[in-house]
Every structure is written in structure tokens, then in C-alpha cells.
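Source file: protein.txt; contents: compact mmCIF, C-alpha atoms.
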# COMPACT_ATOMS: atom_id res chain seq x y z
CA MET X 54 -34.67 221.03 142.58
CA ASP X 55 -31.91 222.79 144.52
CA LYS X 56 -31.60 222.55 148.29
CA LYS X 57 -34.07 224.83 150.07
CA LYS X 58 -33.87 227.36 152.88
CA ALA X 59 -37.64 227.75 153.20
CA VAL X 60 -40.79 225.72 152.59
CA ILE X 61 -44.03 227.57 151.83
CA PHE X 62 -47.32 225.77 152.36
CA ASP X 63 -50.74 226.32 150.91
CA PHE X 64 -53.47 225.49 153.43
CA ASP X 65 -56.69 224.11 151.95
CA GLY X 66 -56.25 220.73 150.29
CA THR X 67 -52.56 220.77 151.20
CA LEU X 68 -52.32 220.56 154.99
CA ILE X 69 -55.84 219.18 155.41
CA ASN X 70 -59.04 218.59 153.44
CA SER X 71 -60.92 221.63 154.70
CA PHE X 72 -63.34 221.88 151.77
CA PRO X 73 -66.34 220.15 153.43
CA LEU X 74 -66.21 222.70 156.26
CA ILE X 75 -65.64 225.58 153.84
CA PHE X 76 -68.60 224.65 151.64
CA ASP X 77 -70.96 224.20 154.60
CA SER X 78 -69.74 227.50 156.05
CA PHE X 79 -70.53 229.16 152.72
CA ASN X 80 -74.00 227.65 152.89
CA ALA X 81 -74.45 229.24 156.30
CA GLY X 82 -73.37 232.59 154.86
CA LEU X 83 -75.61 232.27 151.81
CA LYS X 84 -78.58 231.41 154.00
CA GLU X 85 -77.94 234.51 156.06
CA GLY X 86 -77.60 236.59 152.92
CA ASN X 87 -80.81 235.67 151.08
CA ASN X 88 -81.62 232.01 151.66
CA GLN X 89 -79.59 230.78 148.71
CA SER X 90 -77.65 227.54 148.93
CA LEU X 91 -74.85 225.84 147.06
CA LYS X 92 -77.49 223.85 145.20
CA GLU X 93 -78.55 227.12 143.61
CA ILE X 94 -75.17 228.78 143.26
CA ASP X 95 -71.77 227.35 142.34
CA ILE X 96 -69.54 229.04 144.90
CA THR X 97 -66.38 227.87 143.12
CA THR X 98 -67.10 230.34 140.32
CA TYR X 99 -66.53 233.09 142.89
CA PHE X 100 -63.24 231.69 144.21
CA GLY X 101 -60.02 233.64 143.71
CA PRO X 102 -60.39 236.33 146.35
CA THR X 103 -60.96 235.53 150.02
CA GLU X 104 -64.25 234.22 151.37
CA LEU X 105 -65.29 237.81 152.08
CA GLY X 106 -64.33 238.69 148.52
CA SER X 107 -66.59 235.89 147.26
CA PHE X 108 -69.55 237.27 149.22
CA ILE X 109 -68.80 240.76 147.91
CA LYS X 110 -69.01 239.41 144.35
CA ILE X 111 -72.32 237.69 145.09
CA TYR X 112 -74.16 240.40 147.00
CA LYS X 113 -72.54 243.78 146.22
CA ASP X 114 -74.54 245.37 149.09
CA GLU X 115 -72.14 245.96 152.00
CA GLU X 116 -74.64 245.26 154.75
CA VAL X 117 -75.61 241.94 153.17
CA TYR X 118 -72.12 240.65 152.35
CA LEU X 119 -70.77 241.56 155.77
CA ARG X 120 -73.68 239.76 157.42
CA ALA X 121 -73.10 236.71 155.22
CA TYR X 122 -69.37 236.69 155.99
CA LYS X 123 -70.02 236.97 159.72
CA ALA X 124 -72.31 233.92 159.49
CA TYR X 125 -69.62 232.10 157.48
CA LEU X 126 -66.98 232.73 160.15
CA SER X 127 -69.34 231.79 162.96
CA TYR X 128 -70.17 228.44 161.36
CA TYR X 129 -66.52 227.86 160.51
CA TYR X 130 -65.38 228.48 164.08
CA ASN X 131 -68.19 226.61 165.84
CA ASN X 132 -67.90 223.50 163.66
CA HIS X 133 -64.13 223.38 163.14
CA ASP X 134 -63.49 220.64 165.68
CA LYS X 135 -66.27 218.47 164.25
CA TYR X 136 -65.00 218.63 160.67
CA MET X 137 -61.27 218.93 161.37
CA PRO X 138 -60.35 217.73 164.86
CA SER X 139 -56.62 217.58 164.13
CA LEU X 140 -53.96 217.58 161.46
CA ASP X 141 -52.56 214.29 160.30
CA LYS X 142 -49.53 213.25 162.39
CA THR X 143 -47.38 213.18 159.25
CA ILE X 144 -47.99 216.91 158.72
CA ILE X 145 -46.84 217.60 162.27
CA ASP X 146 -43.82 215.36 161.68
CA ILE X 147 -42.94 217.47 158.63
CA PHE X 148 -43.20 220.67 160.67
CA GLU X 149 -41.04 219.23 163.44
CA PHE X 150 -38.45 217.98 160.95
CA LEU X 151 -38.17 221.40 159.29
CA LYS X 152 -38.07 223.17 162.64
CA ASN X 153 -35.20 220.94 163.81
CA LYS X 154 -33.34 221.63 160.56
CA ASN X 155 -33.82 225.40 161.02
CA ILE X 156 -35.76 225.63 157.76
CA ASP X 157 -38.13 228.59 157.62
CA MET X 158 -41.81 227.79 157.11
CA PHE X 159 -44.52 230.05 155.70
CA ILE X 160 -48.14 229.86 154.62
CA VAL X 161 -49.32 231.51 151.42
CA THR X 162 -53.04 231.02 150.90
CA GLY X 163 -55.98 232.57 149.10
CA ARG X 164 -58.26 232.40 152.12
CA SER X 165 -59.02 235.19 154.59
CA GLU X 166 -56.76 236.00 157.52
CA GLU X 167 -59.70 235.53 159.91
CA SER X 168 -60.46 231.94 158.94
CA LEU X 169 -56.77 231.06 158.55
CA LEU X 170 -56.05 232.21 162.10
CA ILE X 171 -59.00 230.19 163.42
CA SER X 172 -57.51 227.02 161.95
CA MET X 173 -53.91 227.81 162.93
CA GLU X 174 -54.96 228.43 166.51
CA LYS X 175 -57.32 225.43 166.66
CA PHE X 176 -54.51 223.17 165.43
CA GLY X 177 -51.87 224.89 167.57
CA ILE X 178 -49.48 225.38 164.64
CA LYS X 179 -49.06 229.14 164.37
CA ASN X 180 -45.65 229.14 166.05
CA TYR X 181 -44.18 226.85 163.40
CA PHE X 182 -44.40 229.60 160.79
CA LYS X 183 -42.11 232.56 160.34
CA ASP X 184 -44.97 234.41 158.67
CA TYR X 185 -48.20 233.90 156.78
CA TYR X 186 -49.69 235.64 153.75
CA PRO X 187 -53.50 235.52 153.43
CA GLY X 188 -55.58 236.26 150.36
CA SER X 189 -57.02 239.49 149.01
CA ASP X 190 -60.70 240.49 149.03
CA LEU X 191 -60.28 241.71 145.45
CA LYS X 192 -58.54 238.92 143.53
CA SER X 193 -56.17 235.97 143.68
CA ASN X 194 -52.95 237.42 145.09
CA LYS X 195 -50.51 234.54 145.49
CA VAL X 196 -48.06 235.99 142.95
CA GLU X 197 -47.92 239.21 144.97
CA SER X 198 -47.54 237.22 148.21
CA PHE X 199 -44.66 235.16 146.79
CA ASN X 200 -42.83 238.25 145.60
CA LYS X 201 -43.34 239.99 148.94
CA LEU X 202 -42.10 236.92 150.82
CA LEU X 203 -38.96 236.65 148.66
CA SER X 204 -38.19 240.36 148.99
CA THR X 205 -38.87 240.65 152.72
CA ASN X 206 -36.83 237.57 153.63
CA LYS X 207 -34.02 238.06 151.07
CA TYR X 208 -34.39 234.62 149.49
CA ASN X 209 -33.27 233.77 146.01
CA LYS X 210 -36.05 232.15 143.99
CA ASP X 211 -34.29 228.78 143.94
CA GLU X 212 -34.03 228.73 147.75
CA VAL X 213 -37.75 228.24 148.38
CA VAL X 214 -40.37 225.67 147.41
CA TYR X 215 -44.15 225.91 147.54
CA VAL X 216 -46.43 223.00 148.41
CA GLY X 217 -49.83 223.42 146.74
CA ASP X 218 -52.74 221.33 145.55
CA ASN X 219 -54.11 222.81 142.34
CA LEU X 220 -53.37 223.82 138.78
CA ASN X 221 -53.37 227.54 139.49
CA ASP X 222 -50.69 227.06 142.14
CA ILE X 223 -48.38 225.63 139.48
CA LYS X 224 -49.07 228.49 137.10
CA GLN X 225 -48.54 231.14 139.79
CA CYS X 226 -45.27 229.57 140.96
CA ARG X 227 -44.05 229.43 137.36
CA GLU X 228 -44.95 233.11 136.94
CA VAL X 229 -42.77 234.00 139.92
CA GLY X 230 -40.06 231.45 139.10
CA ILE X 231 -40.17 229.27 142.22
CA ASP X 232 -40.39 225.49 142.52
CA ILE X 233 -43.59 223.74 143.53
CA ILE X 234 -44.49 220.33 144.90
CA SER X 235 -48.03 219.45 143.84
CA THR X 236 -49.83 217.31 146.41
CA LEU X 237 -52.77 215.08 145.56
CA ALA X 238 -52.90 213.60 149.06
CA PHE X 239 -56.32 215.07 149.88
CA VAL X 240 -57.91 216.19 146.62
CA ASP X 241 -57.21 215.38 142.98
CA ILE X 242 -59.21 217.91 140.98
CA LYS X 243 -57.70 218.20 137.48
CA LYS X 244 -55.29 215.43 138.46
CA ASP X 245 -54.20 214.59 134.89
CA GLU X 246 -53.47 218.23 134.08
CA ILE X 247 -51.44 218.65 137.26
CA ILE X 248 -49.41 215.54 136.49
CA ALA X 249 -48.83 216.67 132.91
CA LEU X 250 -47.70 220.13 134.02
CA ASN X 251 -45.58 219.29 137.08
CA GLY X 252 -44.23 215.84 136.25
CA ASP X 253 -41.87 214.38 138.84
CA ASN X 254 -42.87 216.94 141.47
CA VAL X 255 -46.34 215.48 142.09
CA ILE X 256 -46.90 213.43 145.26
CA TYR X 257 -49.87 211.25 146.19
CA SER X 258 -49.59 210.79 149.96
CA LEU X 259 -48.38 212.65 153.03
CA GLU X 260 -45.61 210.09 153.46
CA GLU X 261 -44.38 210.93 149.95
CA LEU X 262 -44.56 214.62 150.79
CA LYS X 263 -42.46 214.09 153.91
CA SER X 264 -39.84 212.15 151.95
CA LYS X 265 -39.77 214.77 149.17
CA ILE X 266 -39.29 217.64 151.61
CA GLU X 267 -36.60 215.79 153.56
CA GLY X 268 -34.68 215.28 150.32
CA LEU X 269 -34.80 219.00 149.57
CA VAL X 270 -33.27 220.22 152.82
CA GLU X 271 -30.79 217.51 153.82

Show this structure as C-alpha cells.
Amino acid sequence: MDKKKAVIFDFDGTLINSFPLIFDSFNAGLKEGNNQSLKEIDITTYFGPTELGSFIKIYKDEEVYLRAYKAYLSYYYNNHDKYMPSLDKTIIDIFEFLKNKNIDMFIVTGRSEESLLISMEKFGIKNYFKDYYPGSDLKSNKVESFNKLLSTNKYNKDEVVYVGDNLNDIKQCREVGIDIISTLAFVDIKKDEIIALNGDNVIYSLEELKSKIEGLVE
């Protein structure tokens, strides 16, 4: 990889393992919608759009999906500190390192702006980022977010790197033409496929991630 002017982070499974809170928040929303639960419905089949977009797919009726999403956000906010009291110190060390090196930081995620802001404010990290790009209620929109980020900030494609945790992140980065570091520090779903597709740019711990990023900007 070439030296980078900006590092773009995914959120879920990349900066922290937020999935336990997300799944229980979905359960709260499903219960509010019509007493379903994740034992009855595989919520991952509705992933791609934001959390609101997932509820829209499930319920169709506006009154119901808005009520479910409100319950989701309420549970997410009220239980955030219990599930995710803080980010790992190594993540903060990475942010501080990049800040001191004047490297721009961004978030590109598939989740909703509402829940992203809850976490950014709870963790006190919003000011580290030059900008953030949340998901779409209609579909997965990371390709569009990457292109908008590159255009708005006048970066060449080889000047940025994305840090993501899943197979789709690799495919979307390849579609745009930007580099990606695949992290398996928190989750390792489809681990073998990720390793096969992204080779030497897979890391297994936050310490490895810190070292990899340092090598790309120094």
C-alpha cells in the first residue's frame, strides 16, 4: 500500500464489538412491532440498509416500523453503557496517533446516523473525525459514500485506506478502487474467505491494527 492521507473506519465489529447490543436492540424493536423475536426472525437477512431500513423491510406499515425503530433506539441508548462502557485504549491510541500526524479520519458505516451519533457521543470520539457517512434506509450505500468522500475531500484513491471487518467491505472497496485493512480483532465471520480475498492486509488484533496504520502514514 502507498502512504495515506486519510484513514476511514467502519464502526461495528471494527472499532468495537457492538453486535450484542445491536441484536438486543432489534429484539426490543421487534417486540414493539408485533412481539416477534430474533428466535423467530433472522435479522441478518434484512441487513444492508440502516436499522430503520431493516424494520421497513420487515413491517412495511409506516406506523409500525417507526414505532419499532423508536423502541430500537431507546434500548440502544439506555443500555449503551452496560454493553459498551468504553472503547479499547488501543483504538484511542490509534486516533491520537493519527491526529498528531495530521491524518484525516472518517467513518463510513451502514448503520443509521441516529445510532452512530449515540455511540460517538457516548464514547466522546466525534471530534476525531473530519466527517462521517451513515447508511441508507434503502440499501447498502458504502460505495456511494466512498465516492462522495473522495470527491468532496479531493483525495486520490491511493491516498485513503478503509478499515472494515467483513467480506462485503472488501468487495465494496475493490469496486471503488481503494485499499482496505480487514480486521478480525472482534469478529471473524467468514474468516477464511476474508483471508483468501485480502491476503497480507488482514489483522487479528488491535495492536496489529495500530502497527499497520502507523506503517501507512509514517

Centre and size of axis-aligned box enclosing stretch 125-141 of chain X plus 8 Å each side, as lines of an AutoDock Vina configuration file:
center_x = -61.4
center_y = 223.5
center_z = 161.7
size_x = 33.6
size_y = 34.4
size_z = 24.4

Skipping near chain neighbours, those fewer than 3 positions away, what residues fall within 8 Å of X:Leu269 using only C-alpha atoms, listed as a short mmCIF file (atom, residue, chain, number, x, y, z; two decimals) with C-alpha atoms, in the frame of the given file?
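This is the output file around.cif:
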data_model
loop_
_atom_site.label_atom_id
_atom_site.label_comp_id
_atom_site.auth_asym_id
_atom_site.auth_seq_id
_atom_site.Cartn_x
_atom_site.Cartn_y
_atom_site.Cartn_z
CA MET X 54 -34.67 221.03 142.58
CA ASP X 55 -31.91 222.79 144.52
CA LYS X 56 -31.60 222.55 148.29
CA LYS X 57 -34.07 224.83 150.07
CA LYS X 265 -39.77 214.77 149.17
CA ILE X 266 -39.29 217.64 151.61
#

Residues of stretch 54-102 of chain X at most 10 Å from stretch 173-185 of chain X: nearest atom pair and distance in Å, only C-alpha atoms, as CSV:
residue,atom,partner,partner_atom,distance
X:Ala59,CA,X:Lys183,CA,9.7
X:Val60,CA,X:Phe182,CA,9.8
X:Ile61,CA,X:Tyr185,CA,9.1
X:Phe62,CA,X:Tyr185,CA,9.3
X:Asp63,CA,X:Tyr185,CA,9.9
X:Phe64,CA,X:Met173,CA,9.8

At a cut-off of 10 Å, using all atoms listed in the file, what residues contact X:Tyr215? Leave out same-chain residues fewer than 5 positions from it and give the result as a list in words.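 Final neighbour list, sorted by chain and number: Ala59, Val60, Ile61, Phe62, Asp63, Phe159, Ile160, Val161, Phe199, Asp222, Ile223, Cys226, Ile231, Asp232, Ile233, Ile234 and Ser235 of chain X.
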
Would you mind listing, for every residue of stretch 145-180 of chain X within 6 Å of stretch 99-114 of chain X, the two atoms forming the shortest contact and the distance between them in Å to one decimal, using all atoms listed in the file, sorted by chain and ascending residue number, as a tab-separated table?
residue	atom	partner	partner_atom	distance
X:Gly163	CA	X:Thr103	CA	5.9
X:Arg164	CA	X:Thr103	CA	4.6
X:Ser165	CA	X:Thr103	CA	5.0

With all atoms listed in the file as the atoms that count, which of X:Ile96, X:Leu83, X:Leu237, X:Leu170 lies nearest to X:Tyr125?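 Closest residue, counting all atoms listed in the file: X:Leu83.
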
Would you mind reading off the distance between atom CA of X:Phe79 and atom CA of X:Thr143, one decimal, in Å?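 Separation between atom CA of X:Phe79 and atom CA of X:Thr143: 28.9 Å.
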
Take atom CA of X:Phe150 and atom CA of X:Ala238 and report the distance between them in Å, one decimal. 19.2 Å

Each residue of stretch 223-247 of chain X lying at most 7 Å from stretch 66-72 of chain X should get a row with its shortest atom-to-atom pair and the distance in Å to one decimal, counting only C-alpha atoms; could you produce that, ordered by chain and increasing number, as a tab-separated table?
residue	atom	partner	partner_atom	distance
X:Thr236	CA	X:Thr67	CA	6.5
X:Phe239	CA	X:Gly66	CA	5.7
X:Val240	CA	X:Gly66	CA	6.1

From the options X:Leu262, X:Leu220, X:Val270, X:Val196, which residue's atoms come nearest to X:Asp157, counting all atoms listed in the file?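 That would be X:Val270, the residue with the smallest distance to X:Asp157.
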
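Close to (-40.0, 235.5, 142.6), meaning no more than 8 Å away when counting all atoms listed in the file, sit the residues Phe199, Asn200, Leu203, Asn209, Lys210, Glu228, Val229, Gly230 and Ile231 of chain X.
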
Residue nearest X:Glu246 - candidates X:Lys58, X:Lys224, X:Lys142, X:Lys263, atoms counted: only C-alpha atoms: X:Lys224

Which protein, DNA or RNA residues have an atom at most 12 Å from (-74.6, 227.5, 144.1), counting all atoms listed in the file? List them as a ChimeraX atom specification. /X:76-77,79-80,82-84,88-99,111

So how far away is atom CA of X:Met158 from atom CA of X:Gly188, in Å?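 The value is 17.5 Å.
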
Counting only C-alpha atoms, which of X:Lys244, X:Ser258, X:Asp211, X:Ser168 gets nearest to X:His133?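 Looking only at the distances to X:His133, the closest residue turns out to be X:Ser168.
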
Check the smallest atom-to-atom distance from each of X:Ala124, X:Met137, X:Leu151, X:Leu119 to X:Ser264 using only C-alpha atoms, then report the winner.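 Once distances to X:Ser264 are computed over only C-alpha atoms, the minimum belongs to X:Leu151.
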
Could you check which of X:Asp141, X:Leu250, X:Glu85, X:Asn194 is closest to X:Tyr118, using only C-alpha atoms?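 Looking only at the distances to X:Tyr118, the closest residue turns out to be X:Glu85.
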
Filtering to all heavy atoms, could stretch 142-156 of chain X of the supplied structure be written out as a compact mmCIF listing (two decimals), in the first residue's frame?
# COMPACT_ATOMS: atom_id res chain seq x y z
N LYS X 142 -8.43 0.96 24.76
CA LYS X 142 -7.41 2.02 24.79
C LYS X 142 -6.60 2.05 23.50
O LYS X 142 -6.18 3.13 23.06
CB LYS X 142 -6.49 1.82 25.99
CG LYS X 142 -5.42 2.90 26.12
CD LYS X 142 -4.51 2.64 27.31
CE LYS X 142 -3.46 3.75 27.44
NZ LYS X 142 -2.57 3.80 26.24
N THR X 143 -6.38 0.89 22.89
CA THR X 143 -5.60 0.86 21.65
C THR X 143 -6.28 1.62 20.53
O THR X 143 -5.62 2.26 19.70
CB THR X 143 -5.33 -0.59 21.22
OG1 THR X 143 -4.70 -1.29 22.29
CG2 THR X 143 -4.39 -0.64 20.01
N ILE X 144 -7.62 1.57 20.48
CA ILE X 144 -8.35 2.35 19.48
C ILE X 144 -8.13 3.84 19.71
O ILE X 144 -7.87 4.60 18.76
CB ILE X 144 -9.86 2.01 19.53
CG1 ILE X 144 -10.12 0.57 19.07
CG2 ILE X 144 -10.67 3.01 18.70
CD1 ILE X 144 -9.86 0.33 17.59
N ILE X 145 -8.22 4.27 20.95
CA ILE X 145 -7.96 5.68 21.25
C ILE X 145 -6.53 6.05 20.91
O ILE X 145 -6.26 7.14 20.39
CB ILE X 145 -8.28 5.98 22.73
CG1 ILE X 145 -9.73 5.64 23.06
CG2 ILE X 145 -7.98 7.44 23.05
CD1 ILE X 145 -10.75 6.39 22.24
N ASP X 146 -5.59 5.16 21.18
CA ASP X 146 -4.19 5.40 20.83
C ASP X 146 -4.03 5.60 19.32
O ASP X 146 -3.25 6.45 18.87
CB ASP X 146 -3.30 4.25 21.30
CG ASP X 146 -3.12 4.19 22.80
OD1 ASP X 146 -3.42 5.21 23.47
OD2 ASP X 146 -2.69 3.15 23.31
N ILE X 147 -4.75 4.81 18.54
CA ILE X 147 -4.72 4.96 17.08
C ILE X 147 -5.25 6.33 16.68
O ILE X 147 -4.64 7.03 15.85
CB ILE X 147 -5.54 3.84 16.40
CG1 ILE X 147 -4.85 2.49 16.58
CG2 ILE X 147 -5.74 4.14 14.91
CD1 ILE X 147 -5.70 1.29 16.16
N PHE X 148 -6.37 6.73 17.26
CA PHE X 148 -6.94 8.04 16.95
C PHE X 148 -5.95 9.16 17.30
O PHE X 148 -5.76 10.10 16.53
CB PHE X 148 -8.25 8.26 17.72
CG PHE X 148 -9.39 7.38 17.30
CD1 PHE X 148 -10.49 7.22 18.14
CD2 PHE X 148 -9.38 6.72 16.09
CE1 PHE X 148 -11.55 6.42 17.77
CE2 PHE X 148 -10.45 5.91 15.70
CZ PHE X 148 -11.54 5.77 16.54
N GLU X 149 -5.36 9.07 18.47
CA GLU X 149 -4.42 10.10 18.90
C GLU X 149 -3.20 10.15 17.99
O GLU X 149 -2.70 11.22 17.65
CB GLU X 149 -4.00 9.85 20.36
CG GLU X 149 -5.05 10.22 21.38
CD GLU X 149 -5.29 11.72 21.44
OE1 GLU X 149 -4.31 12.49 21.34
OE2 GLU X 149 -6.47 12.12 21.59
N PHE X 150 -2.70 8.98 17.61
CA PHE X 150 -1.55 8.92 16.71
C PHE X 150 -1.87 9.61 15.39
O PHE X 150 -1.08 10.44 14.89
CB PHE X 150 -1.15 7.46 16.47
CG PHE X 150 -0.14 7.27 15.38
CD1 PHE X 150 1.21 7.48 15.63
CD2 PHE X 150 -0.54 6.90 14.10
CE1 PHE X 150 2.15 7.32 14.61
CE2 PHE X 150 0.40 6.74 13.09
CZ PHE X 150 1.74 6.95 13.35
N LEU X 151 -3.02 9.27 14.79
CA LEU X 151 -3.39 9.87 13.52
C LEU X 151 -3.64 11.36 13.64
O LEU X 151 -3.26 12.14 12.75
CB LEU X 151 -4.64 9.16 12.97
CG LEU X 151 -4.43 7.70 12.55
CD1 LEU X 151 -5.77 7.05 12.22
CD2 LEU X 151 -3.49 7.60 11.36
N LYS X 152 -4.25 11.76 14.73
CA LYS X 152 -4.48 13.19 14.98
C LYS X 152 -3.16 13.94 15.04
O LYS X 152 -3.00 15.02 14.44
CB LYS X 152 -5.26 13.36 16.28
CG LYS X 152 -5.51 14.81 16.69
CD LYS X 152 -6.23 14.87 18.03
CE LYS X 152 -6.39 16.30 18.51
NZ LYS X 152 -7.04 16.35 19.85
N ASN X 153 -2.18 13.39 15.76
CA ASN X 153 -0.88 14.05 15.90
C ASN X 153 -0.09 14.08 14.60
O ASN X 153 0.78 14.94 14.42
CB ASN X 153 -0.06 13.35 16.99
CG ASN X 153 -0.63 13.58 18.38
OD1 ASN X 153 -1.31 14.57 18.63
ND2 ASN X 153 -0.39 12.64 19.28
N LYS X 154 -0.41 13.15 13.70
CA LYS X 154 0.24 13.11 12.39
C LYS X 154 -0.54 13.91 11.33
O LYS X 154 -0.15 13.94 10.16
CB LYS X 154 0.37 11.66 11.91
CG LYS X 154 1.34 10.82 12.72
CD LYS X 154 2.78 11.27 12.49
CE LYS X 154 3.76 10.39 13.23
NZ LYS X 154 5.18 10.80 13.01
N ASN X 155 -1.62 14.57 11.77
CA ASN X 155 -2.46 15.35 10.86
C ASN X 155 -3.05 14.51 9.73
O ASN X 155 -3.18 14.97 8.59
CB ASN X 155 -1.69 16.54 10.28
CG ASN X 155 -1.29 17.54 11.35
OD1 ASN X 155 -2.11 17.92 12.19
ND2 ASN X 155 -0.04 17.97 11.34
N ILE X 156 -3.40 13.26 10.06
CA ILE X 156 -4.05 12.38 9.11
C ILE X 156 -5.56 12.48 9.32
O ILE X 156 -6.06 12.32 10.44
CB ILE X 156 -3.59 10.91 9.32
CG1 ILE X 156 -2.08 10.79 9.14
CG2 ILE X 156 -4.33 9.99 8.36
CD1 ILE X 156 -1.57 11.14 7.77
